[in-house]
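Listing of run.cif, mmCIF, C-alpha atoms
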```cif
data_data
loop_
_atom_site.label_atom_id
_atom_site.label_comp_id
_atom_site.auth_asym_id
_atom_site.auth_seq_id
_atom_site.Cartn_x
_atom_site.Cartn_y
_atom_site.Cartn_z
CA MET A 1108 -16.80 46.70 -21.91
CA LEU A 1109 -16.98 45.14 -25.40
CA LEU A 1110 -14.24 47.44 -26.65
CA PHE A 1111 -12.04 46.47 -23.69
CA ASN A 1112 -12.46 42.75 -24.34
CA PHE A 1113 -11.75 43.19 -28.04
CA GLU A 1114 -8.52 45.06 -27.31
CA ASN A 1115 -7.45 42.35 -24.85
CA MET A 1116 -8.08 39.70 -27.49
CA LYS A 1117 -6.00 41.64 -29.99
CA LYS A 1118 -3.20 41.91 -27.45
CA GLU A 1119 -3.30 38.16 -26.75
CA ARG A 1120 -3.25 37.40 -30.47
CA LYS A 1121 -0.17 39.57 -30.97
CA GLN A 1122 1.65 37.82 -28.14
CA ARG A 1123 1.36 34.35 -29.67
CA PRO A 1124 4.65 33.31 -31.30
CA ARG A 1125 4.86 32.70 -35.04
CA MET A 1126 6.81 29.92 -36.76
CA GLU A 1127 9.40 32.55 -37.71
CA ASP A 1128 9.94 33.28 -34.03
CA LEU A 1129 10.17 29.63 -33.06
CA ILE A 1130 12.38 28.51 -36.00
CA PRO A 1131 14.32 31.41 -37.56
CA ASN A 1132 16.08 29.14 -40.08
CA SER A 1133 13.80 29.16 -43.16
CA GLU A 1134 15.01 25.81 -44.55
CA ILE A 1135 14.38 23.95 -41.29
CA ARG A 1136 11.06 25.77 -40.92
CA LYS A 1137 9.96 24.46 -44.33
CA GLU A 1138 10.94 20.90 -43.34
CA VAL A 1139 8.99 21.11 -40.08
CA LEU A 1140 5.88 22.43 -41.83
CA LYS A 1141 6.16 19.77 -44.51
CA ALA A 1142 6.39 17.02 -41.85
CA LEU A 1143 3.40 18.45 -39.98
CA TYR A 1144 1.16 18.66 -43.04
CA THR A 1145 2.13 15.31 -44.53
CA GLY A 1146 1.91 13.42 -41.24
CA GLU A 1147 5.57 12.39 -41.27
CA GLY A 1148 7.26 11.63 -37.97
CA LEU A 1149 8.84 14.59 -36.23
CA THR A 1150 10.77 12.49 -33.70
CA GLY A 1151 12.83 9.33 -33.97
CA ARG A 1152 15.78 8.35 -36.10
CA ASP A 1153 14.81 10.43 -39.16
CA GLY A 1154 12.71 13.08 -37.44
CA ILE A 1155 13.24 16.77 -38.13
CA PHE A 1156 13.44 17.48 -34.41
CA SER A 1157 16.72 15.56 -34.30
CA GLN A 1158 18.23 18.19 -36.61
CA LEU A 1159 16.75 21.00 -34.52
CA LEU A 1160 18.15 19.57 -31.32
CA GLN A 1161 21.52 18.99 -32.98
CA ASP A 1162 21.75 22.61 -34.08
CA MET A 1163 20.69 23.81 -30.62
CA VAL A 1164 23.29 21.68 -28.82
CA ASN A 1165 26.09 22.77 -31.17
CA ALA A 1166 25.10 26.42 -30.79
CA ALA A 1167 24.99 26.07 -27.01
CA LEU A 1168 28.47 24.48 -26.93
CA GLU A 1169 29.88 27.29 -29.07
CA GLY A 1170 28.28 29.81 -26.71
CA GLU A 1171 29.83 28.10 -23.67
CA LEU A 1172 33.33 28.35 -25.18
CA ASP A 1173 32.78 31.98 -26.28
CA ALA A 1174 31.82 32.90 -22.70
CA GLN A 1175 34.88 31.12 -21.25
CA LEU A 1176 37.31 32.71 -23.73
CA THR A 1177 35.82 36.16 -23.04
CA GLU A 1178 36.31 35.63 -19.31
CA SER A 1179 39.89 34.41 -19.87
CA ARG A 1180 40.79 37.49 -21.93
CA GLU A 1181 39.41 39.77 -19.23
CA GLU A 1182 41.76 38.03 -16.79
CA GLY A 1183 44.76 38.56 -19.13
CA ALA A 1184 45.04 34.98 -20.49
CA THR A 1185 45.78 34.25 -24.18
CA ASN A 1186 43.69 31.13 -24.62
CA ARG A 1187 41.88 30.74 -27.99
CA ARG A 1188 39.90 28.28 -30.11
CA ASN A 1189 41.50 25.09 -31.44
CA GLY A 1190 39.06 23.34 -33.80
CA HIS A 1191 36.36 20.78 -33.00
CA THR A 1192 35.86 17.14 -32.11
CA LYS A 1193 32.97 14.95 -33.21
CA LYS A 1194 30.72 12.51 -31.37
CA THR A 1195 27.23 11.01 -31.50
CA LEU A 1196 24.79 11.56 -28.67
CA ARG A 1197 21.64 9.63 -27.77
CA SER A 1198 18.50 11.72 -27.35
CA LYS A 1199 14.72 11.32 -27.22
CA PHE A 1200 14.57 12.63 -30.78
CA GLY A 1201 17.08 10.10 -32.10
CA PRO A 1202 20.89 10.08 -32.41
CA ILE A 1203 22.45 13.48 -33.05
CA GLU A 1204 25.92 14.43 -34.31
CA VAL A 1205 27.63 17.20 -32.35
CA SER A 1206 30.95 18.99 -32.76
CA PRO A 1207 32.16 20.24 -29.37
CA PRO A 1208 34.69 23.06 -29.78
CA ARG A 1209 38.20 22.87 -28.26
CA ASP A 1210 40.53 25.49 -26.81
CA ARG A 1211 44.33 25.71 -26.97
CA ALA A 1212 44.85 25.46 -23.23
CA GLY A 1213 42.62 22.40 -22.89
CA GLU A 1214 40.69 24.07 -20.08
CA PHE A 1215 37.24 24.02 -21.68
CA GLU A 1216 34.81 21.67 -19.86
CA PRO A 1217 31.36 21.92 -21.49
CA LYS A 1218 28.50 21.81 -19.02
CA LEU A 1219 25.72 20.81 -21.42
CA VAL A 1220 27.47 17.64 -22.56
CA GLY A 1221 30.57 16.54 -20.65
CA LYS A 1222 33.68 15.27 -22.46
CA TRP A 1223 32.89 11.60 -21.80
CA GLU A 1224 29.11 11.75 -21.96
CA ARG A 1225 27.24 10.04 -24.76
CA GLU A 1226 23.70 11.14 -23.95
CA ILE A 1227 21.96 14.49 -23.88
CA HIS A 1228 20.02 14.56 -20.60
CA THR A 1229 16.47 13.77 -21.73
CA GLY A 1230 15.22 11.33 -19.11
CA PHE A 1231 16.12 7.96 -20.68
CA ASP A 1232 17.12 6.53 -17.30
CA GLU A 1233 13.71 7.37 -15.83
CA MET A 1234 11.99 5.92 -18.90
CA ILE A 1235 13.96 2.65 -18.65
CA LEU A 1236 13.14 2.28 -14.95
CA SER A 1237 9.47 3.02 -15.57
CA LEU A 1238 9.23 0.44 -18.37
CA TYR A 1239 11.13 -2.14 -16.31
CA GLY A 1240 8.84 -1.47 -13.36
CA ARG A 1241 5.83 -2.17 -15.61
CA GLY A 1242 7.14 -5.62 -16.47
CA GLN A 1243 8.98 -4.90 -19.73
CA SER A 1244 11.99 -7.12 -20.40
CA VAL A 1245 15.38 -5.70 -21.37
CA GLU A 1246 14.75 -6.70 -25.01
CA ASP A 1247 11.29 -5.09 -24.93
CA ILE A 1248 12.82 -1.85 -23.66
CA ARG A 1249 15.52 -1.92 -26.37
CA HIS A 1250 12.86 -2.37 -29.07
CA HIS A 1251 10.66 0.36 -27.57
CA LEU A 1252 13.46 2.97 -27.51
CA LEU A 1253 14.66 2.05 -31.00
CA GLU A 1254 11.20 2.19 -32.57
CA LEU A 1255 9.98 5.38 -30.90
CA TYR A 1256 13.18 7.40 -30.57
CA GLY A 1257 15.65 5.79 -32.96
CA VAL A 1258 18.01 5.18 -30.04
CA GLU A 1259 19.79 1.83 -29.93
CA LEU A 1260 20.95 0.81 -26.46
CA SER A 1261 22.70 -2.41 -25.59
CA ALA A 1262 21.24 -4.88 -23.11
CA GLY A 1263 24.24 -4.15 -20.87
CA THR A 1264 23.46 -0.41 -20.84
CA ILE A 1265 19.84 -1.01 -19.87
CA SER A 1266 20.84 -3.51 -17.17
CA ALA A 1267 23.36 -0.98 -15.84
CA VAL A 1268 20.58 1.62 -15.52
CA THR A 1269 18.30 -0.77 -13.60
CA SER A 1270 21.22 -1.81 -11.39
CA ARG A 1271 21.62 1.77 -10.19
CA VAL A 1272 18.51 1.36 -8.04
CA TRP A 1273 20.15 -1.40 -5.99
CA ASN A 1274 21.56 0.98 -3.39
CA GLN A 1275 18.11 2.54 -3.14
CA ILE A 1276 16.63 -0.94 -2.56
CA VAL A 1277 19.19 -1.71 0.17
CA ASP A 1278 18.35 1.58 1.92
CA TRP A 1279 14.61 0.90 1.57
CA GLN A 1280 14.92 -2.61 2.96
CA SER A 1281 16.84 -1.40 6.01
CA ARG A 1282 15.01 1.90 6.64
CA PRO A 1283 13.70 2.65 10.16
CA LEU A 1284 10.05 1.75 10.69
CA SER A 1285 7.24 3.11 12.86
CA PRO A 1286 7.37 1.88 16.49
CA CYS A 1287 3.80 0.56 16.41
CA TYR A 1288 1.67 -1.11 13.76
CA ALA A 1289 -2.01 -1.79 14.26
CA ILE A 1290 -1.96 -4.66 11.76
CA ILE A 1291 0.75 -6.50 9.86
CA TYR A 1292 -0.17 -8.93 7.10
CA LEU A 1293 2.33 -11.69 6.33
CA ASP A 1294 2.14 -13.74 3.15
CA GLY A 1295 4.38 -15.28 0.49
CA ILE A 1296 4.40 -15.23 -3.31
CA HIS A 1297 6.43 -17.66 -5.43
CA TYR A 1298 8.70 -17.07 -8.44
CA LYS A 1299 11.17 -19.03 -10.55
CA VAL A 1300 14.81 -17.94 -10.16
CA ARG A 1301 17.90 -19.34 -11.88
CA HIS A 1302 20.32 -21.03 -9.49
CA GLU A 1303 23.40 -23.09 -10.38
CA GLY A 1304 22.21 -23.81 -13.91
CA ARG A 1305 18.61 -24.68 -13.07
CA TYR A 1306 15.45 -22.81 -12.18
CA ASP A 1307 14.30 -23.12 -8.57
CA THR A 1308 11.13 -21.83 -6.94
CA LYS A 1309 11.79 -19.03 -4.47
CA VAL A 1310 9.34 -17.43 -2.10
CA VAL A 1311 9.12 -13.67 -1.64
CA GLN A 1312 7.95 -13.07 1.93
CA THR A 1313 5.90 -9.88 1.93
CA VAL A 1314 5.34 -7.73 5.02
CA TYR A 1315 2.48 -5.26 4.56
CA GLY A 1316 1.50 -3.08 7.53
CA VAL A 1317 -0.94 -0.44 8.75
CA ASP A 1318 0.68 1.97 11.23
CA SER A 1319 -0.93 3.86 14.12
CA GLN A 1320 -1.95 6.66 11.74
CA GLY A 1321 -3.72 4.24 9.39
CA ASN A 1322 -1.10 4.47 6.63
CA ARG A 1323 -0.50 1.30 4.61
CA ASP A 1324 3.06 0.47 3.57
CA VAL A 1325 5.22 -2.43 2.41
CA LEU A 1326 7.72 -2.91 5.22
CA GLY A 1327 9.89 -5.38 3.37
CA LEU A 1328 10.34 -8.08 0.71
CA TYR A 1329 12.46 -11.08 1.73
CA VAL A 1330 13.52 -13.66 -0.88
CA GLU A 1331 14.00 -17.15 0.60
CA ALA A 1332 14.43 -20.68 -0.72
CA HIS A 1333 11.21 -21.79 0.94
CA GLU A 1334 8.47 -20.46 3.21
CA GLY A 1335 8.75 -21.72 6.76
CA ALA A 1336 8.03 -20.55 10.30
CA ARG A 1337 11.75 -20.23 11.03
CA ASN A 1338 12.30 -17.87 8.07
CA TRP A 1339 9.31 -15.79 9.14
CA GLY A 1340 10.86 -15.61 12.60
CA LEU A 1341 14.00 -14.06 11.08
CA VAL A 1342 11.81 -11.54 9.24
CA LEU A 1343 10.12 -10.54 12.50
CA GLU A 1344 13.52 -10.14 14.17
CA ASP A 1345 14.50 -7.80 11.34
CA LEU A 1346 11.35 -5.72 11.91
CA LYS A 1347 12.28 -5.42 15.58
CA ARG A 1348 15.82 -4.30 14.71
CA ARG A 1349 14.35 -1.62 12.46
CA GLY A 1350 12.32 -0.12 15.29
CA VAL A 1351 8.97 -1.96 15.43
CA GLU A 1352 8.27 -2.21 19.17
CA ASP A 1353 4.66 -3.37 19.15
CA VAL A 1354 2.12 -4.92 16.76
CA LEU A 1355 -1.52 -5.30 17.80
CA PHE A 1356 -2.53 -7.89 15.19
CA PHE A 1357 -0.74 -10.23 12.84
CA CYS A 1358 -2.90 -11.64 10.05
CA VAL A 1359 -1.40 -14.84 8.57
CA ASP A 1360 -2.22 -17.94 6.58
CA GLY A 1361 -2.25 -21.47 8.01
CA LEU A 1362 1.52 -22.10 7.97
CA LYS A 1363 2.50 -24.49 10.75
CA GLY A 1364 4.33 -22.81 13.64
CA PHE A 1365 3.36 -19.26 12.66
CA LYS A 1366 1.73 -18.45 15.99
CA GLU A 1367 4.74 -19.69 17.98
CA VAL A 1368 7.39 -17.67 16.10
CA ILE A 1369 5.25 -14.53 16.39
CA ALA A 1370 4.86 -15.10 20.14
CA ASP A 1371 8.65 -15.38 20.50
CA VAL A 1372 9.23 -11.89 19.04
CA TYR A 1373 5.95 -10.09 19.83
CA PRO A 1374 4.34 -11.95 22.75
CA GLN A 1375 1.50 -9.42 23.21
CA SER A 1376 0.31 -9.59 19.60
CA ILE A 1377 -2.97 -11.22 18.60
CA VAL A 1378 -2.58 -13.73 15.79
CA GLN A 1379 -5.52 -13.96 13.40
CA ARG A 1380 -5.53 -16.83 10.93
CA CYS A 1381 -6.96 -15.88 7.54
CA VAL A 1382 -10.52 -17.20 7.31
CA VAL A 1383 -10.48 -17.07 3.50
CA HIS A 1384 -7.36 -19.28 3.40
CA MET A 1385 -9.06 -21.68 5.80
CA ILE A 1386 -12.15 -21.95 3.59
CA ARG A 1387 -9.99 -22.71 0.54
CA SER A 1388 -7.96 -25.27 2.44
CA SER A 1389 -10.88 -27.08 4.09
CA THR A 1390 -13.06 -27.29 0.96
CA ARG A 1391 -10.34 -28.52 -1.37
CA PHE A 1392 -11.88 -31.99 -1.75
CA VAL A 1393 -15.55 -31.03 -1.60
CA LYS A 1394 -17.56 -32.21 -4.61
CA ASP A 1395 -18.64 -29.57 -7.10
CA LYS A 1396 -22.32 -30.22 -6.42
CA ASP A 1397 -21.83 -29.54 -2.68
CA ILE A 1398 -19.34 -26.66 -2.69
CA LYS A 1399 -21.91 -23.85 -2.75
CA ALA A 1400 -23.91 -25.28 0.17
CA VAL A 1401 -20.79 -26.08 2.22
CA CYS A 1402 -19.40 -22.54 1.80
CA ALA A 1403 -22.79 -21.04 2.73
CA ASP A 1404 -22.83 -23.03 5.99
CA LEU A 1405 -19.21 -22.09 6.76
CA ARG A 1406 -20.14 -18.45 6.23
CA LYS A 1407 -22.70 -18.75 9.05
CA ILE A 1408 -19.80 -19.58 11.38
CA TYR A 1409 -17.46 -16.65 10.69
CA THR A 1410 -20.25 -14.06 10.25
CA SER A 1411 -21.80 -14.83 13.65
CA ALA A 1412 -22.26 -11.93 16.06
CA THR A 1413 -20.40 -13.65 18.91
CA GLU A 1414 -18.06 -16.59 19.40
CA ALA A 1415 -20.82 -18.49 21.21
CA GLN A 1416 -23.06 -18.16 18.17
CA ALA A 1417 -20.14 -19.25 15.98
CA LEU A 1418 -19.78 -22.42 18.07
CA ASN A 1419 -23.48 -23.14 17.58
CA ALA A 1420 -23.07 -22.65 13.83
CA LEU A 1421 -20.09 -25.02 13.84
CA ALA A 1422 -22.15 -27.64 15.71
CA ALA A 1423 -24.91 -27.32 13.12
CA PHE A 1424 -22.32 -27.66 10.35
CA LYS A 1425 -20.98 -30.88 11.89
CA GLU A 1426 -24.42 -32.37 12.20
CA LYS A 1427 -25.16 -31.65 8.53
CA TRP A 1428 -21.82 -32.45 6.86
CA ASP A 1429 -19.76 -34.75 9.11
CA LYS A 1430 -20.83 -37.92 7.33
CA GLN A 1431 -19.51 -36.65 3.98
CA TYR A 1432 -16.76 -34.23 4.98
CA LYS A 1433 -15.74 -34.96 8.56
CA GLU A 1434 -12.29 -33.40 8.10
CA ILE A 1435 -13.70 -29.87 7.57
CA ALA A 1436 -15.10 -29.38 11.09
CA GLN A 1437 -11.98 -31.02 12.56
CA LYS A 1438 -9.73 -28.50 10.83
CA TRP A 1439 -11.83 -25.59 12.12
CA GLU A 1440 -11.82 -26.97 15.68
CA GLU A 1441 -8.03 -27.45 15.65
CA SER A 1442 -7.47 -23.79 14.66
CA TRP A 1443 -10.48 -22.32 16.46
CA SER A 1444 -8.68 -19.82 18.73
CA GLU A 1445 -6.71 -18.31 15.83
CA LEU A 1446 -9.69 -18.31 13.45
CA MET A 1447 -12.05 -16.65 15.94
CA ALA A 1448 -9.63 -14.06 17.39
CA PHE A 1449 -11.46 -11.32 15.45
CA MET A 1450 -14.75 -12.14 17.21
CA ALA A 1451 -13.64 -10.12 20.27
CA PHE A 1452 -13.83 -6.86 18.28
CA LYS A 1453 -16.37 -4.66 16.51
CA SER A 1454 -17.25 -4.91 12.84
CA ASP A 1455 -14.73 -2.36 11.46
CA ILE A 1456 -11.78 -4.09 13.10
CA ARG A 1457 -13.15 -7.50 12.16
CA ARG A 1458 -13.27 -6.48 8.52
CA MET A 1459 -9.61 -5.46 8.59
CA ILE A 1460 -8.17 -8.50 10.33
CA TYR A 1461 -10.21 -11.57 9.40
CA THR A 1462 -8.35 -12.12 6.09
CA THR A 1463 -5.01 -11.52 4.40
CA ASN A 1464 -6.82 -10.13 1.34
CA PRO A 1465 -5.02 -6.75 1.54
CA VAL A 1466 -1.59 -8.34 1.04
CA GLU A 1467 -3.03 -10.63 -1.64
CA ALA A 1468 -4.27 -7.51 -3.45
CA LEU A 1469 -0.71 -6.20 -3.24
CA HIS A 1470 0.51 -9.49 -4.72
CA ARG A 1471 -1.92 -9.04 -7.61
CA VAL A 1472 -0.18 -5.74 -8.41
CA MET A 1473 3.14 -7.61 -8.44
CA ARG A 1474 1.79 -10.49 -10.55
CA LYS A 1475 0.30 -8.10 -13.09
CA VAL A 1476 3.80 -6.82 -13.77
CA THR A 1477 5.62 -10.16 -13.62
CA LYS A 1478 3.10 -12.58 -15.19
CA ALA A 1479 4.64 -12.34 -18.67
CA LYS A 1480 8.07 -13.37 -17.41
CA GLY A 1481 8.79 -17.05 -16.75
CA ALA A 1482 11.88 -16.74 -14.57
CA TRP A 1483 14.64 -14.40 -13.39
CA THR A 1484 18.39 -14.73 -13.77
CA ASP A 1485 18.95 -14.33 -10.04
CA GLU A 1486 17.36 -13.11 -6.79
CA LYS A 1487 18.76 -9.62 -7.31
CA ALA A 1488 17.01 -9.25 -10.70
CA LEU A 1489 13.74 -10.43 -9.16
CA THR A 1490 14.03 -8.01 -6.23
CA LYS A 1491 14.76 -5.09 -8.58
CA GLN A 1492 11.71 -5.77 -10.70
CA LEU A 1493 9.38 -6.19 -7.72
CA PHE A 1494 10.69 -3.02 -6.06
CA LEU A 1495 10.24 -0.99 -9.26
CA ALA A 1496 6.78 -2.54 -9.77
CA LEU A 1497 5.73 -1.38 -6.31
CA THR A 1498 7.17 2.14 -6.66
CA THR A 1499 5.60 2.52 -10.12
CA ASN A 1500 2.16 1.47 -8.82
CA GLU A 1501 2.25 3.14 -5.38
CA LYS A 1502 -1.17 4.75 -5.77
CA SER A 1503 -2.87 1.35 -5.82
CA TRP A 1504 -1.57 0.20 -2.41
CA LYS A 1505 0.06 3.06 -0.47
CA ARG A 1506 -2.98 4.76 1.01
CA GLN A 1507 -4.81 5.12 4.30
CA ALA A 1508 -6.87 2.22 5.62
CA PHE A 1509 -10.62 2.42 5.02
CA ASN A 1510 -12.70 4.18 7.72
CA TRP A 1511 -9.58 4.64 9.82
CA LYS A 1512 -10.91 7.18 12.33
CA THR A 1513 -13.58 4.73 13.49
CA VAL A 1514 -11.08 1.88 13.65
CA GLN A 1515 -8.59 4.05 15.55
CA LYS A 1516 -11.23 4.95 18.13
CA GLU A 1517 -12.11 1.27 18.66
CA LEU A 1518 -8.44 0.33 19.02
CA ILE A 1519 -8.00 2.97 21.74
CA GLU A 1520 -11.05 1.57 23.54
CA GLN A 1521 -9.68 -1.98 23.33
CA PHE A 1522 -5.96 -1.43 23.94
CA GLY A 1523 -5.85 1.86 25.86
CA GLU A 1524 -2.45 3.47 26.34
CA ARG A 1525 -0.66 0.56 24.69
CA PHE A 1526 -1.98 1.94 21.39
CA SER A 1527 -2.90 5.57 22.13
CA LYS A 1528 0.66 6.55 23.11
CA TRP A 1529 1.84 5.95 19.53
CA ILE A 1530 -0.82 7.99 17.75
CA ASP A 1531 0.94 11.35 17.97
CA SER A 1532 4.49 10.00 18.16
#
```
Have the structure of the file written as structure tokens, please.
Amino acid sequence: MLLFNFENMKKERKQRPRMEDLIPNSEIRKEVLKALYTGEGLTGRDGIFSQLLQDMVNAALEGELDAQLTESREEGATNRRNGHTKKTLRSKFGPIEVSPPRDRAGEFEPKLVGKWEREIHTGFDEMILSLYGRGQSVEDIRHHLLELYGVELSAGTISAVTSRVWNQIVDWQSRPLSPCYAIIYLDGIHYKVRHEGRYDTKVVQTVYGVDSQGNRDVLGLYVEAHEGARNWGLVLEDLKRRGVEDVLFFCVDGLKGFKEVIADVYPQSIVQRCVVHMIRSSTRFVKDKDIKAVCADLRKIYTSATEAQALNALAAFKEKWDKQYKEIAQKWEESWSELMAFMAFKSDIRRMIYTTNPVEALHRVMRKVTKAKGAWTDEKALTKQLFLALTTNEKSWKRQAFNWKTVQKELIEQFGERFSKWIDS
């Protein structure tokens, strides 16, 4: 057994390539070894790998022409070589000088590097999109590529690369959607966008849904001049056009008229007003010394076991705080039906619908990428960056809802066939 293992080890050792096998040219091999031992850069503008890649590309181009001329001669043609041209290519290892060969008949079309191409295919487009999606500006990307790879790209070239995703964005924004969503969260996030020589605040209306299989997804981003119930109504109409037939719950903030526009498009849906938003809104003018006690008493309302108990907790809150903060209880009473909609369901569903926190978590992903940028040149540039930010960070938001099997079972119990018919569709 020991002899067998020793022989296998000897075989493995023989199979490992040597430097002579990897780099037959002795001069280049010496340069590579020198760079490795002295810690010099192997890649970038002055890196030895640039020379290696250059030699490989030139050799490959010569081989392509040799193969074509051989094939032509076999077919009886008299085509032959006709010198070389010169051009500089961009690559991950820095700029390289190549000399594509020519033929007399002008029929040679190299496949490795086309006649009008100025880049060896090394993934720069993907790198630019990834950096842009992580919040890097065009100038940051230019500096990054120049410093690491010795490649100098113009701002126009980088912008052209990012613009190529626009058709993808248009398709994404108009893609067909699932016919039923258990929950859709609606919320807006604000950004500065240049418009007619000045910077205006625009709202990005975000639609974040959980379908009948429990999968979370961003259904759309809609850039508008301001956030209003009418604009949200147009968003809901767009969802309907894209195939959304039914939504069990909409979770929204306290925007005036929200419930009415939802009822116009999806009359069967339950509208749940975000309790967290309500707490922030109603405690805005509470004194610092009282804020902790006020929030603790409000918590007794929305954590009650039943709506009747919640009403008792509200009555107790009024008795304790009405003299100092009468407006708080009034606000809760005015929005009571929307705030307490979740009380009719079990704890797992309650946890999912009582707040818009899931879409706010999504907005945190977007802000993390965009926080270093003050404003955008136009709505299109903003949409591109947000779309790339979401696709780059999909793992943080595109996943199944927590404890979905239990929630799904409860939804079937509550809504019957209205929900169950979509589960396997």
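Here CA of Asp1485 (chain A) and CA of Val1268 (chain A) stand 16.9 Å from one another.
Residue nearest Arg1187 (chain A) within the list A:Thr1498, A:Gln1379, A:Gln1175, A:Ser1388: A:Gln1175 [criterion: smallest interatomic distance, all atoms listed in the file].
Across the chains present, the PyMOL selection byres ((chain A and resi 1313) around 6) applied to this file returns Leu1293, Asp1294, Gly1295, Gln1312, Val1314 and Leu1328 of chain A.
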Inset, instruction - Select, from A:Met1473, A:Ala1508, A:Leu1497, A:Ala1420, the residue with the minimum atom-to-atom distance to Asp1455 (chain A), counting only C-alpha atoms. - result: A:Ala1508
Inset, instruction - Work out how far CA of Leu1518 (chain A) is from CA of Ile1369 (chain A), in Å to one decimal. - result: 20.4 Å
Legend entry - Chain and number of each residue from the PyMOL selection byres ((chain A and resi 1526) around 10), as a PyMOL selection string: chain A and resi 1287-1289+1319+1353-1355+1515+1518-1525+1527-1530
Inset, instruction - Considering only C-alpha atoms, return as a list in words whatever protein or nucleic-acid residues lie within 8 Å of Val1383 (chain A), sequence-local ones (same chain, fewer than 2 positions apart) excluded. - result: Cys1381, Met1385, Ile1386, Arg1387, Thr1462 and Thr1463 of chain A
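Compared by their closest atoms to Ile1460 (chain A), and using all atoms listed in the file, the residues A:Gly1316, A:Gly1183, A:Gly1213, A:Pro1208 rank with A:Gly1316 nearest.
Between CA of Lys1407 (chain A) and CA of Ile1435 (chain A) there is a distance of 14.4 Å.
Closest approach to Asn1464 (chain A) from the set A:Leu1172, A:Ala1267, A:Val1359, A:Ala1166 is made by A:Val1359, with distances taken over only C-alpha atoms.
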Find the residues near Val1272 (chain A): any atom within 10 Å, counting all atoms listed in the file, skip ones fewer than 6 places away on the same chain, and give them as an mmCIF file with C-alpha atoms, in the frame of the given file.
```cif
data_model
loop_
_atom_site.group_PDB
_atom_site.id
_atom_site.type_symbol
_atom_site.label_atom_id
_atom_site.label_comp_id
_atom_site.auth_asym_id
_atom_site.auth_seq_id
_atom_site.Cartn_x
_atom_site.Cartn_y
_atom_site.Cartn_z
ATOM 1 C CA LEU A 1236 13.140 2.280 -14.950
ATOM 2 C CA ASP A 1278 18.350 1.580 1.920
ATOM 3 C CA LYS A 1491 14.760 -5.090 -8.580
ATOM 4 C CA PHE A 1494 10.690 -3.020 -6.060
ATOM 5 C CA LEU A 1495 10.240 -0.990 -9.260
#
```
Legend entry - Selection result of the PyMOL selection byres ((chain A and resi 1409) around 10) on this file, as a PyMOL selection string: chain A and resi 1382+1404-1408+1410-1414+1416-1418+1420-1421+1446-1447+1449-1450+1461
Legend entry - Shortest interatomic distance to Glu1445 (chain A) - which of A:Arg1380, A:Lys1433, A:Lys1363, A:Lys1299, counting all atoms listed in the file: A:Arg1380
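Compared by their closest atoms to Lys1505 (chain A), and using only C-alpha atoms, the residues A:Arg1323, A:Arg1209, A:Arg1249, A:Lys1141 rank with A:Arg1323 nearest.
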